[in-house]
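A.B. asks: Starting off with a structure, shown below.
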Amino acid sequence: MAPRAYWKGTLKLSLVSCPVVLYPASTSVEKTRFHMINRETGNRLKQQMIDVETGDVVESEQKGRGYEVSKGKYVEVEPEELEAVQIESNHTIDIDSFVPRDEIDKRYLDRPYYIAPDGKAAVEAFAVIRDAMKDKDRVALARIVLSNREHVVAIEPLGKGLLGTTLRYPYELRDEDQFFDDIKNPKITKDMIELASHILDSKAEHFDPSKFKDEYETALKALVKRKAAGKPVKVAEKEERSDNVINLMDALRQSLKGKSATKHASHARSHSSRRSSRPAKKVHRSAARQRKAS
């Protein structure tokens with residue numbers, strides 16, 4: 001059974017439209033979470049809103065939203081006024097254009113959502129839009145309002161449904177030049193590149209997210225389990241960063257040698273196990289001959 005829909009509205013392609021629902025494609029439910037507690041009583045703490053000038057606790061009915069127009073001066077905006085900002089994308093995903101998939105800069109990708117038809121009557125129109133997109137191998141760009149914010153969303157076929165990924169706006173991305181301008185361009189020898197390429201080839205695999213292991217999450221669960229059982233927890237010493245200057249060429253050679261040694265050891269173990277199984281087969285055959293002769 002599908003979870004409760006996060007958003008309901010209409011998916012529109014020109015004059016073709018159909019009711020759809022959105023579901024978050026990701027979840028953090030399985031993540032280990034901690035609550036703030038009182039060390040003396042062990043009771044959970046709750047947060048309160050404090051007036052920064054008076055220091056008084058502000059109750060729920062006194063809370064409001066304001067936009068700072070100048071230092072310490074706010075314009076209060078009522079919930080009804082926010083709802084009055086009606087734009088078409090409040091309840092409609094209107095497809096504006098289709099772009100090649102490989103032209104979407106991955107830095108713009110934000111949050112994924114599953115898009116499904118809302119009701120049996122919507123299935124046919126939904127399938128028409130989905131299958132037309134499959135044929136063209138293009139991604140639709142549309143607009144949608146989520147949590148009182150308009151987002152650009154990239155829509156593409158995924159199985160029987162659609163995957164919608166909200167995109168960041170250009171003003172939300174930092175310019176890479178701020179971080180990359182100071183990176184020098186040292187002279188790298190061809191031998192270094194070839195050695196690094198060999199290491200890359202030795203680690204080549206296909207993308208398989210089932211292999212992703214959240215080791216920190218596993219360690220957190222183990223920590224909580226030990227604490228709950230009253231067992232001591234050993235605090236790991238902070239690992240010091242080495243100041244040794246490493247010869248890059250030597251490091252590349254050692255990395256490649258280590259990979260080869262691992263493969264060789266694995267091959268040797270496999271070969272050894274095959275050899276150790278042969279005498280057992282001979283003993284079995286000789287025993288069978290003796291039974292036959294008797």
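Letters A, B, ... go to the chains of the structure tokens in the order shown; residues in each chain start at 1; ligands are counted from 1 in the same order.
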If you count only C-alpha atoms, which residues fall within 7 Å of stretch 5-11 of chain A, apart from same-chain ones fewer than 5 positions away, as a VMD selection string?
C.D. replies: chain A and resid 17 to 24 91 to 94
A.B. asks: Could you please take those selected residues and save N, CA and C atoms as a compact mmCIF listing (two decimals), in the first residue's frame?
C.D. replies:
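Output file part.txt is given in full below:
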```txt
# COMPACT_ATOMS: atom_id res chain seq x y z
N SER A 17 -4.09 16.60 -20.09
CA SER A 17 -3.85 16.73 -18.65
C SER A 17 -4.43 15.52 -17.91
N CYS A 18 -3.90 15.25 -16.74
CA CYS A 18 -4.40 14.15 -15.92
C CYS A 18 -4.08 14.42 -14.46
N PRO A 19 -4.96 13.97 -13.56
CA PRO A 19 -4.69 14.11 -12.12
C PRO A 19 -3.54 13.20 -11.71
N VAL A 20 -2.61 13.75 -10.90
CA VAL A 20 -1.48 12.97 -10.43
C VAL A 20 -1.25 13.21 -8.94
N VAL A 21 -0.47 12.31 -8.36
CA VAL A 21 -0.06 12.45 -6.96
C VAL A 21 1.46 12.34 -6.88
N LEU A 22 2.05 13.02 -5.91
CA LEU A 22 3.49 12.96 -5.69
C LEU A 22 3.78 12.28 -4.35
N TYR A 23 4.80 11.44 -4.35
CA TYR A 23 5.27 10.80 -3.13
C TYR A 23 6.77 11.06 -3.01
N PRO A 24 7.28 11.37 -1.84
CA PRO A 24 8.74 11.51 -1.69
C PRO A 24 9.42 10.18 -2.03
N HIS A 91 -1.29 24.17 -8.14
CA HIS A 91 -2.03 22.91 -8.26
C HIS A 91 -1.81 22.21 -9.60
N THR A 92 -0.87 22.73 -10.40
CA THR A 92 -0.64 22.16 -11.73
C THR A 92 0.84 22.02 -12.02
N ILE A 93 1.22 20.85 -12.55
CA ILE A 93 2.58 20.66 -13.07
C ILE A 93 2.48 20.88 -14.58
N ASP A 94 2.80 22.07 -15.01
CA ASP A 94 2.66 22.43 -16.43
C ASP A 94 4.01 22.27 -17.11
```
A.B. asks: Mind dumping a table of every stretch 153-246 of chain A residue within 8 Å of stretch 125-135 of chain A, with the nearest atom pair and its distance in Å to one decimal, using only C-alpha atoms, sorted by chain and rising number, as a Markdown table?
C.D. replies:
```
| residue | atom | partner | partner_atom | distance |
| --- | --- | --- | --- | --- |
| A:Glu156 | CA | A:Met133 | CA | 7.1 |
| A:Pro157 | CA | A:Arg130 | CA | 5.8 |
| A:Gly161 | CA | A:Arg130 | CA | 7.3 |
| A:Leu162 | CA | A:Arg130 | CA | 6.9 |
```
A.B. asks: Which residue, A:Leu200, A:Ala236, A:Met192, A:Leu109, has the smallest gap to A:Ala251 when you use only C-alpha atoms?
C.D. replies: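 Using only C-alpha atoms, A:Ala251 sits closest to A:Met192.
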A.B. asks: Out of A:Asp118, A:Ser197, A:Phe212, A:Gly164, which residue has the shortest atom-to-atom distance to A:Ser255 when counting only C-alpha atoms?
C.D. replies: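 That would be A:Ser197, the residue with the smallest distance to A:Ser255.
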A.B. asks: Please identify all polymer residues within 12 Å of A:Lys106, counting only C-alpha atoms, omitting same-chain residues fewer than 6 positions from it, and present them as a list of chain:residue names.
C.D. replies: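 Contacts, in chain order: A:Ala154, A:Thr165, A:Thr166, A:Leu167, A:Arg168, A:Leu173.
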A.B. asks: If you run DSSP on this backbone, which residues of stretch 23-257 of chain A come out as strand (DSSP E or B), and could you give them as a VMD selection string?
C.D. replies: chain A and resid 23 to 24 37 44 49 to 50 57 to 58 65 to 70 73 to 77 92 to 100 109 to 117 138 to 146 149 to 158 161 to 167
A.B. asks: I need the residue nearest A:Val153 from this list: A:Ile104, A:Ile193, A:Ala204, A:Ala84. Use only C-alpha atoms for the distance.
C.D. replies: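 Of A:Ile104, A:Ile193, A:Ala204, A:Ala84, the one nearest A:Val153 is A:Ile104, counting only C-alpha atoms.
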